[in-house]
file entry-v1.txt (compact mmCIF, C-alpha atoms and all ligand atoms)
# COMPACT_ATOMS: atom_id res chain seq x y z
CA MET F 87 4.64 26.62 -7.07
CA THR F 88 1.47 24.95 -8.32
CA ALA F 89 0.77 21.38 -9.41
CA ARG F 90 0.72 22.63 -13.00
CA SER F 91 4.09 24.37 -12.86
CA LEU F 92 5.89 21.34 -11.38
CA ASP F 93 7.50 19.39 -14.22
CA LYS F 94 6.41 15.74 -13.87
CA SER F 95 7.18 14.65 -17.39
CA THR F 96 7.96 10.94 -17.43
CA ALA F 97 11.44 11.60 -18.84
CA ARG F 98 12.29 14.04 -16.04
CA ILE F 99 10.92 11.83 -13.25
CA ALA F 100 12.60 8.68 -14.58
CA GLY F 101 15.89 10.57 -15.00
CA MET F 102 15.70 11.94 -11.47
CA PHE F 103 15.03 8.52 -9.88
CA ASN F 104 17.71 6.88 -12.03
CA ASP F 105 20.18 9.50 -10.74
CA ILE F 106 19.34 8.98 -7.07
CA ALA F 107 18.83 5.19 -7.26
CA PRO F 108 22.14 4.26 -5.53
CA HIS F 109 21.27 6.47 -2.52
CA TYR F 110 17.49 6.04 -2.55
CA ASP F 111 17.06 3.37 0.15
CA PHE F 112 19.48 4.96 2.58
CA LEU F 113 18.03 8.46 2.17
CA ASN F 114 14.48 7.19 2.36
CA HIS F 115 15.02 5.54 5.74
CA PHE F 116 17.28 8.34 7.02
CA LEU F 117 14.96 11.21 6.06
CA SER F 118 11.82 9.47 7.34
CA PHE F 119 13.55 8.35 10.59
CA GLY F 120 12.72 4.78 9.54
CA PHE F 121 8.97 5.44 9.51
CA ASP F 122 8.72 4.38 5.84
CA HIS F 123 9.28 0.74 6.98
CA LEU F 124 6.51 1.03 9.55
CA TRP F 125 4.05 2.55 7.06
CA ARG F 126 4.71 -0.17 4.46
CA ARG F 127 4.28 -2.87 7.14
CA ARG F 128 0.91 -1.41 8.11
CA LEU F 129 -0.25 -1.48 4.49
CA VAL F 130 0.90 -5.09 4.13
CA ARG F 131 -0.89 -6.17 7.34
CA ARG F 132 -4.14 -4.76 5.95
CA ILE F 133 -3.66 -6.35 2.52
CA ALA F 134 -2.63 -9.76 3.92
CA LYS F 135 -6.10 -10.13 5.48
CA GLN F 136 -7.52 -10.47 1.96
CA ASN F 137 -5.31 -13.45 1.04
CA PRO F 138 -4.54 -12.06 -2.44
CA ARG F 139 -2.97 -14.34 -5.04
CA HIS F 140 -1.82 -11.72 -7.55
CA ILE F 141 -0.58 -8.30 -6.52
CA LEU F 142 0.62 -5.41 -8.69
CA ASP F 143 2.98 -2.90 -7.06
CA VAL F 144 3.08 0.23 -9.22
CA ALA F 145 6.02 2.67 -8.95
CA THR F 146 7.80 -0.11 -7.09
CA GLY F 147 11.17 1.68 -7.13
CA THR F 148 13.78 -0.44 -5.35
CA GLY F 149 11.11 -3.02 -4.53
CA ASP F 150 10.79 -2.81 -0.72
CA LEU F 151 7.00 -2.95 -0.72
CA ALA F 152 6.87 -5.69 -3.38
CA LEU F 153 9.28 -7.84 -1.35
CA LEU F 154 7.39 -7.33 1.89
CA LEU F 155 4.06 -8.12 0.18
CA HIS F 156 5.50 -11.32 -1.19
CA ARG F 157 7.05 -12.38 2.13
CA LYS F 158 3.92 -11.77 4.16
CA THR F 159 1.21 -12.94 1.73
CA LYS F 160 3.09 -15.52 -0.41
CA ALA F 161 1.23 -13.97 -3.38
CA ALA F 162 2.80 -13.58 -6.82
CA VAL F 163 3.91 -9.94 -6.96
CA THR F 164 4.63 -7.89 -10.06
CA GLY F 165 6.46 -4.59 -9.59
CA ILE F 166 6.53 -1.96 -12.32
CA ASP F 167 8.44 1.31 -12.57
CA ILE F 168 9.68 3.76 -15.20
CA ALA F 169 13.19 4.04 -13.73
CA GLY F 170 15.44 1.20 -14.89
CA ASP F 171 18.14 1.89 -12.28
CA MET F 172 15.63 1.67 -9.43
CA LEU F 173 14.34 -1.62 -10.86
CA ALA F 174 17.88 -2.99 -11.15
CA ILE F 175 18.21 -2.67 -7.35
CA ALA F 176 14.79 -4.28 -6.84
CA LYS F 177 15.81 -7.21 -9.05
CA LYS F 178 19.01 -7.74 -7.04
CA LYS F 179 17.04 -7.83 -3.78
CA ALA F 180 14.56 -10.33 -5.24
CA ARG F 181 17.13 -12.77 -6.64
CA LYS F 182 15.95 -16.36 -6.29
CA LEU F 183 12.37 -15.38 -5.48
CA GLU F 184 10.37 -16.97 -8.26
CA LYS F 185 7.01 -15.37 -7.56
CA LEU F 186 8.40 -11.84 -7.84
CA ARG F 187 8.93 -10.11 -11.17
CA PHE F 188 9.90 -6.55 -12.06
CA ILE F 189 8.99 -4.89 -15.34
CA GLN F 190 9.85 -1.47 -16.73
CA ALA F 191 6.50 0.16 -17.52
CA GLN F 192 4.46 3.27 -16.92
CA ALA F 193 1.48 3.54 -14.57
CA GLU F 194 -0.43 5.34 -17.32
CA ALA F 195 -0.09 2.36 -19.74
CA LEU F 196 0.02 -0.89 -17.77
CA PRO F 197 1.03 -3.86 -19.94
CA PHE F 198 -1.49 -6.30 -18.42
CA PRO F 199 -4.91 -7.61 -19.47
CA ASP F 200 -8.08 -6.38 -17.76
CA GLY F 201 -8.83 -7.93 -14.36
CA SER F 202 -5.36 -9.43 -13.78
CA PHE F 203 -4.82 -8.57 -10.09
CA ASP F 204 -6.61 -9.00 -6.75
CA VAL F 205 -4.75 -6.05 -5.24
CA ALA F 206 -2.77 -3.08 -6.58
CA THR F 207 -0.48 -1.00 -4.38
CA VAL F 208 1.40 2.27 -4.81
CA SER F 209 3.72 3.55 -2.10
CA PHE F 210 5.01 7.11 -2.47
CA GLY F 211 4.41 6.96 -6.21
CA VAL F 212 1.05 8.55 -7.12
CA ARG F 213 2.41 12.03 -6.36
CA ASN F 214 4.89 11.61 -9.20
CA PHE F 215 2.54 10.44 -11.95
CA GLU F 216 2.48 12.69 -14.96
CA HIS F 217 -1.21 11.92 -15.62
CA LEU F 218 -2.90 10.93 -12.37
CA GLN F 219 -6.39 10.17 -13.74
CA GLN F 220 -5.00 8.09 -16.60
CA ALA F 221 -2.94 6.04 -14.12
CA LEU F 222 -5.95 5.55 -11.81
CA ALA F 223 -8.03 4.41 -14.78
CA GLU F 224 -5.33 1.89 -15.64
CA LEU F 225 -5.19 0.63 -12.04
CA GLN F 226 -8.96 0.25 -12.11
CA ARG F 227 -8.79 -1.66 -15.42
CA VAL F 228 -6.18 -4.23 -14.31
CA LEU F 229 -7.91 -4.96 -10.97
CA LYS F 230 -10.44 -7.76 -10.75
CA PRO F 231 -14.01 -6.69 -9.86
CA GLY F 232 -14.00 -6.10 -6.08
CA GLY F 233 -10.20 -5.79 -6.10
CA THR F 234 -8.45 -3.37 -3.77
CA LEU F 235 -6.17 -0.42 -4.45
CA ALA F 236 -3.94 0.53 -1.49
CA VAL F 237 -1.94 3.75 -1.62
CA LEU F 238 0.59 5.26 0.75
CA GLU F 239 1.44 8.88 0.16
CA LEU F 240 3.24 11.64 2.02
CA THR F 241 1.01 14.46 3.25
CA THR F 242 1.37 17.71 5.15
CA PRO F 243 0.42 17.64 8.84
CA MET F 244 -2.48 20.00 9.56
CA HIS F 245 -1.99 20.94 13.19
CA PHE F 246 0.41 22.98 15.35
CA PRO F 247 3.25 22.28 16.21
CA LEU F 248 3.89 19.39 13.80
CA LYS F 249 2.72 21.49 10.84
CA GLN F 250 5.35 24.18 11.51
CA CYS F 251 8.16 21.70 12.33
CA TYR F 252 7.35 19.71 9.21
CA ARG F 253 7.52 22.81 7.01
CA PHE F 254 10.99 23.64 8.25
CA TYR F 255 12.10 20.03 8.00
CA SER F 256 10.78 19.41 4.49
CA PHE F 257 11.74 22.71 2.86
CA ARG F 258 15.11 23.22 4.61
CA LEU F 259 16.55 20.00 6.04
CA ILE F 260 15.43 17.49 3.40
CA PRO F 261 16.96 19.47 0.48
CA PHE F 262 20.13 20.00 2.58
CA PHE F 263 20.68 16.33 3.50
CA GLY F 264 19.42 15.11 0.13
CA ARG F 265 21.98 17.23 -1.69
CA LEU F 266 24.74 16.35 0.76
CA ILE F 267 24.30 12.60 0.41
CA SER F 268 23.03 12.13 -3.15
CA ALA F 269 24.57 15.28 -4.69
CA HIS F 270 21.21 15.71 -6.45
CA ARG F 271 19.90 19.13 -5.50
CA ALA F 272 16.82 19.13 -7.77
CA ALA F 273 15.45 15.78 -6.56
CA TYR F 274 15.31 16.79 -2.92
CA ARG F 275 13.80 20.18 -3.74
CA TYR F 276 11.23 18.39 -5.87
CA LEU F 277 10.23 16.13 -2.94
CA PRO F 278 8.59 18.77 -0.67
CA GLN F 279 7.22 20.66 -3.68
CA SER F 280 5.53 17.53 -5.02
CA ILE F 281 4.00 16.74 -1.60
CA ASN F 282 2.74 20.28 -1.19
CA THR F 283 1.08 20.50 -4.58
CA PHE F 284 -0.46 17.00 -4.71
CA PRO F 285 -4.15 16.44 -3.75
CA GLN F 286 -4.21 15.34 -0.10
CA ARG F 287 -6.81 13.47 1.99
CA GLU F 288 -10.36 14.39 0.79
CA ALA F 289 -8.94 15.82 -2.42
CA PHE F 290 -7.20 12.53 -3.25
CA LEU F 291 -10.34 10.57 -2.32
CA SER F 292 -12.20 12.74 -4.86
CA GLU F 293 -9.64 11.76 -7.51
CA LEU F 294 -10.24 8.09 -6.65
CA ALA F 295 -14.02 8.56 -6.81
CA HIS F 296 -13.67 10.37 -10.14
CA ALA F 297 -11.76 7.36 -11.50
CA GLY F 298 -14.69 5.13 -10.44
CA PHE F 299 -13.35 3.59 -7.22
CA THR F 300 -15.74 2.96 -4.31
CA THR F 301 -15.55 2.26 -0.53
CA LEU F 302 -12.88 4.90 -0.10
CA THR F 303 -10.90 5.24 3.13
CA CYS F 304 -8.11 7.53 4.29
CA ARG F 305 -6.10 6.95 7.49
CA PRO F 306 -3.46 9.43 8.60
CA PHE F 307 -0.23 7.91 9.98
CA THR F 308 2.31 9.56 12.30
CA GLY F 309 0.47 12.83 12.92
CA GLY F 310 -0.53 13.20 9.27
CA VAL F 311 2.94 13.01 7.71
CA CYS F 312 1.66 10.09 5.62
CA CYS F 313 -1.80 8.88 4.60
CA PHE F 314 -2.96 5.37 3.85
CA TYR F 315 -5.77 5.27 1.29
CA THR F 316 -7.81 2.25 0.24
CA ALA F 317 -10.37 1.94 -2.53
CA ASN F 318 -12.21 -0.83 -4.34
CA LYS F 319 -13.10 -1.56 -7.90
CA LYS F 320 -16.85 -2.04 -8.27
C1 LIG D 1 9.46 7.84 -4.17
S1 LIG D 1 9.71 6.44 -5.21
C2 LIG D 1 8.78 5.18 -4.38
C3 LIG D 1 9.39 3.81 -4.56
C4 LIG D 1 8.77 2.69 -3.73
N1 LIG D 1 7.38 2.47 -4.04
C5 LIG D 1 8.94 2.91 -2.26
O1 LIG D 1 8.00 2.67 -1.49
O2 LIG D 1 10.05 3.28 -1.83
C6 LIG D 1 8.68 6.82 -6.57
C7 LIG D 1 8.85 5.87 -7.75
O3 LIG D 1 7.80 6.13 -8.68
C8 LIG D 1 8.29 5.89 -9.97
N2 LIG D 1 7.37 6.53 -10.92
C9 LIG D 1 7.11 7.84 -11.05
N3 LIG D 1 6.21 8.06 -12.01
C10 LIG D 1 5.87 6.85 -12.50
C11 LIG D 1 4.94 6.41 -13.50
N4 LIG D 1 4.23 7.29 -14.18
N5 LIG D 1 4.84 5.09 -13.72
C12 LIG D 1 5.57 4.19 -13.01
N6 LIG D 1 6.47 4.55 -12.07
C13 LIG D 1 6.60 5.86 -11.80
C14 LIG D 1 9.68 6.48 -9.91
O4 LIG D 1 10.51 6.04 -10.97
C15 LIG D 1 10.15 6.03 -8.54
O5 LIG D 1 10.85 4.82 -8.58
call {"tool": "encode", "arguments": {"input": "entry-v1.txt", "output": "structure tokens", "more": "lines below"}}
Ligand SMILES: C[S@@+](CC[C@H](N)C(=O)[O-])C[C@H]1O[C@@H](n2cnc3c(N)ncnc32)[C@H](O)[C@@H]1O
result
Amino acid sequence: MTARSLDKSTARIAGMFNDIAPHYDFLNHFLSFGFDHLWRRRLVRRIAKQNPRHILDVATGTGDLALLLHRKTKAAVTGIDIAGDMLAIAKKKARKLEKLRFIQAQAEALPFPDGSFDVATVSFGVRNFEHLQQALAELQRVLKPGGTLAVLELTTPMHFPLKQCYRFYSFRLIPFFGRLISAHRAAYRYLPQSINTFPQREAFLSELAHAGFTTLTCRPFTGGVCCFYTANKK
């Protein structure tokens, strides 16, 4: 399986996330042993230091990162996603929070003027973009000069024994539990395939550099199961 042969057409990805939306939060926390909360909190702690006023959360899904960003920074947060059923859950969670809005839109065509946001975030989303460079160019465009892009993405651990355990876990156990709980076989086979074929660490930093971002950083979390990337618009 190569990056090219994995179907990431927007229609397929949106359909898949719409199908699993009712089970997404539970499975996310269950399959990551709750680490997804910890990783998002670490991103938010780093971003809060900048005192941003306007944040864009791309591929916001059910809105957990957008909500946490709003709670901890008090910034106005806009979440966008292609999957309407994921956004419906996000909107329910954010009821009564005036400075949070959710919009159905695509990372590759953001419906915002140039320089609208101090910070843009993407948690576990970049791996799914149909056109990565186009989406990065859009993120760059909507950030203010000097603005920060913060990305969390799943990666493959590089060292024994975590590397071997992770392989078994992601290619055997995740599809098994994913299918059992969500009844969506394809989505939980897609998950490890999409991690495996997506540019990781230095390779993702090269993608960011190619899109024109500077001051690039990459921090592995939890033995390299996840990486936290930051980049700035010039
Ligand atoms: C694994 S979920 C991550 C959701 C959320 N950020 C989180 O931390 O749980 C990936 C999300 O990316 C969205 N997505 C995938 N491709 C997208 C694109 N091109 N533009 C916007 N959203 C996209 C999917 O619909 C899905 O909700």
call {"tool": "residues_around", "arguments": {"input": "entry-v1.txt", "residues": "Glu216 of chain F", "least_positions_apart": "5", "cutoff": "9 Å", "atoms": "all atoms listed in the file", "output": "list in words"}}
result
Asp93, Lys94, Ser95, Thr96, Ile99, Glu194 and Ala221 of chain F
call {"tool": "closest_residue", "arguments": {"input": "entry-v1.txt", "among": "F:Arg287, F:Arg98, F:Arg253, F:Arg305", "to": "Ile168 of chain F", "atoms": "all atoms listed in the file"}}
result
F:Arg98
call {"tool": "residues_around", "arguments": {"input": "entry-v1.txt", "residues": "segment 124-141 of chain F", "least_positions_apart": "2", "cutoff": "9 Å", "atoms": "only C-alpha atoms", "output": "PDB file with C-alpha atoms, keeping the file's coordinate frame"}}
result
ATOM      1  CA  GLY F 120      12.720   4.780   9.540  1.00  0.00           C
ATOM      2  CA  PHE F 121       8.970   5.440   9.510  1.00  0.00           C
ATOM      3  CA  ASP F 122       8.720   4.380   5.840  1.00  0.00           C
ATOM      4  CA  ASP F 143       2.980  -2.900  -7.060  1.00  0.00           C
ATOM      5  CA  ASP F 150      10.790  -2.810  -0.720  1.00  0.00           C
ATOM      6  CA  LEU F 151       7.000  -2.950  -0.720  1.00  0.00           C
ATOM      7  CA  ALA F 152       6.870  -5.690  -3.380  1.00  0.00           C
ATOM      8  CA  LEU F 154       7.390  -7.330   1.890  1.00  0.00           C
ATOM      9  CA  LEU F 155       4.060  -8.120   0.180  1.00  0.00           C
ATOM     10  CA  HIS F 156       5.500 -11.320  -1.190  1.00  0.00           C
ATOM     11  CA  LYS F 158       3.920 -11.770   4.160  1.00  0.00           C
ATOM     12  CA  THR F 159       1.210 -12.940   1.730  1.00  0.00           C
ATOM     13  CA  LYS F 160       3.090 -15.520  -0.410  1.00  0.00           C
ATOM     14  CA  ALA F 161       1.230 -13.970  -3.380  1.00  0.00           C
ATOM     15  CA  ALA F 162       2.800 -13.580  -6.820  1.00  0.00           C
ATOM     16  CA  VAL F 163       3.910  -9.940  -6.960  1.00  0.00           C
ATOM     17  CA  THR F 164       4.630  -7.890 -10.060  1.00  0.00           C
ATOM     18  CA  GLY F 165       6.460  -4.590  -9.590  1.00  0.00           C
ATOM     19  CA  SER F 202      -5.360  -9.430 -13.780  1.00  0.00           C
ATOM     20  CA  PHE F 203      -4.820  -8.570 -10.090  1.00  0.00           C
ATOM     21  CA  ASP F 204      -6.610  -9.000  -6.750  1.00  0.00           C
ATOM     22  CA  VAL F 205      -4.750  -6.050  -5.240  1.00  0.00           C
ATOM     23  CA  ALA F 206      -2.770  -3.080  -6.580  1.00  0.00           C
ATOM     24  CA  THR F 207      -0.480  -1.000  -4.380  1.00  0.00           C
ATOM     25  CA  SER F 209       3.720   3.550  -2.100  1.00  0.00           C
ATOM     26  CA  THR F 234      -8.450  -3.370  -3.770  1.00  0.00           C
ATOM     27  CA  ALA F 236      -3.940   0.530  -1.490  1.00  0.00           C
ATOM     28  CA  VAL F 237      -1.940   3.750  -1.620  1.00  0.00           C
ATOM     29  CA  LEU F 238       0.590   5.260   0.750  1.00  0.00           C
ATOM     30  CA  PHE F 307      -0.230   7.910   9.980  1.00  0.00           C
ATOM     31  CA  THR F 308       2.310   9.560  12.300  1.00  0.00           C
ATOM     32  CA  CYS F 312       1.660  10.090   5.620  1.00  0.00           C
ATOM     33  CA  CYS F 313      -1.800   8.880   4.600  1.00  0.00           C
ATOM     34  CA  PHE F 314      -2.960   5.370   3.850  1.00  0.00           C
TER      35      PHE F 314
END
call {"tool": "axis_aligned_box", "arguments": {"input": "entry-v1.txt", "around": "segment 191-210 of chain F", "padding_each_side": "3 Å", "output": "lines of an AutoDock Vina configuration file"}}
result
center_x = -1.2
center_y = -1.2
center_z = -11.0
size_x = 21.3
size_y = 22.5
size_z = 23.8
call {"tool": "residues_near_ligand", "arguments": {"input": "entry-v1.txt", "ligand": "ligand LIG 1 (chain D)", "cutoff": "6 Å", "atoms": "all atoms listed in the file", "output": "list in words"}}
result
Ile99, Ala100, Phe103, Ala145, Thr146, Gly147, Leu151, Asp167, Ile168, Ala169, Met172, Gln192, Ala193, Glu194, Ser209, Phe210, Gly211, Asn214, Phe215 and Glu216 of chain F
call {"tool": "residues_around", "arguments": {"input": "entry-v1.txt", "residues": "segment 174-181 of chain F", "least_positions_apart": "5", "cutoff": "8 Å", "atoms": "all atoms listed in the file", "output": "list in words"}}
result
Ala107, Gly147, Thr148, Gly149, Asp150, Leu153, Leu186, Arg187 and Phe188 of chain F
call {"tool": "atom_distance", "arguments": {"input": "entry-v1.txt", "atom1": "atom CA of Asn318 of chain F", "atom2": "atom CA of Leu302 of chain F"}}
result
7.2 Å
call {"tool": "residues_around", "arguments": {"input": "entry-v1.txt", "residues": "segment 114-117 of chain F", "least_positions_apart": "5", "cutoff": "9 Å", "atoms": "all atoms listed in the file", "output": "MDAnalysis selection string"}}
result
chainID F and resid 109 122:123 259:260 263:264
call {"tool": "atom_distance", "arguments": {"input": "entry-v1.txt", "atom1": "atom CA of Thr316 of chain F", "atom2": "atom CA of Ser118 of chain F"}}
result
22.1 Å
call {"tool": "atom_distance", "arguments": {"input": "entry-v1.txt", "atom1": "atom CA of Met102 of chain F", "atom2": "atom CA of Pro243 of chain F"}}
result
26.0 Å
call {"tool": "closest_residue", "arguments": {"input": "entry-v1.txt", "among": "F:Leu222, F:Leu113, F:Ala272, F:Leu229", "to": "Ser292 of chain F", "atoms": "all atoms listed in the file"}}
result
F:Leu222
call {"tool": "closest_residue", "arguments": {"input": "entry-v1.txt", "among": "F:Leu142, F:Val311, F:Leu266, F:Ala223", "to": "Cys251 of chain F", "atoms": "all atoms listed in the file"}}
result
F:Val311
call {"tool": "closest_residue", "arguments": {"input": "entry-v1.txt", "among": "F:Lys319, F:Arg258, F:Arg157, F:Lys230", "to": "Leu294 of chain F", "atoms": "only C-alpha atoms"}}
result
F:Lys319
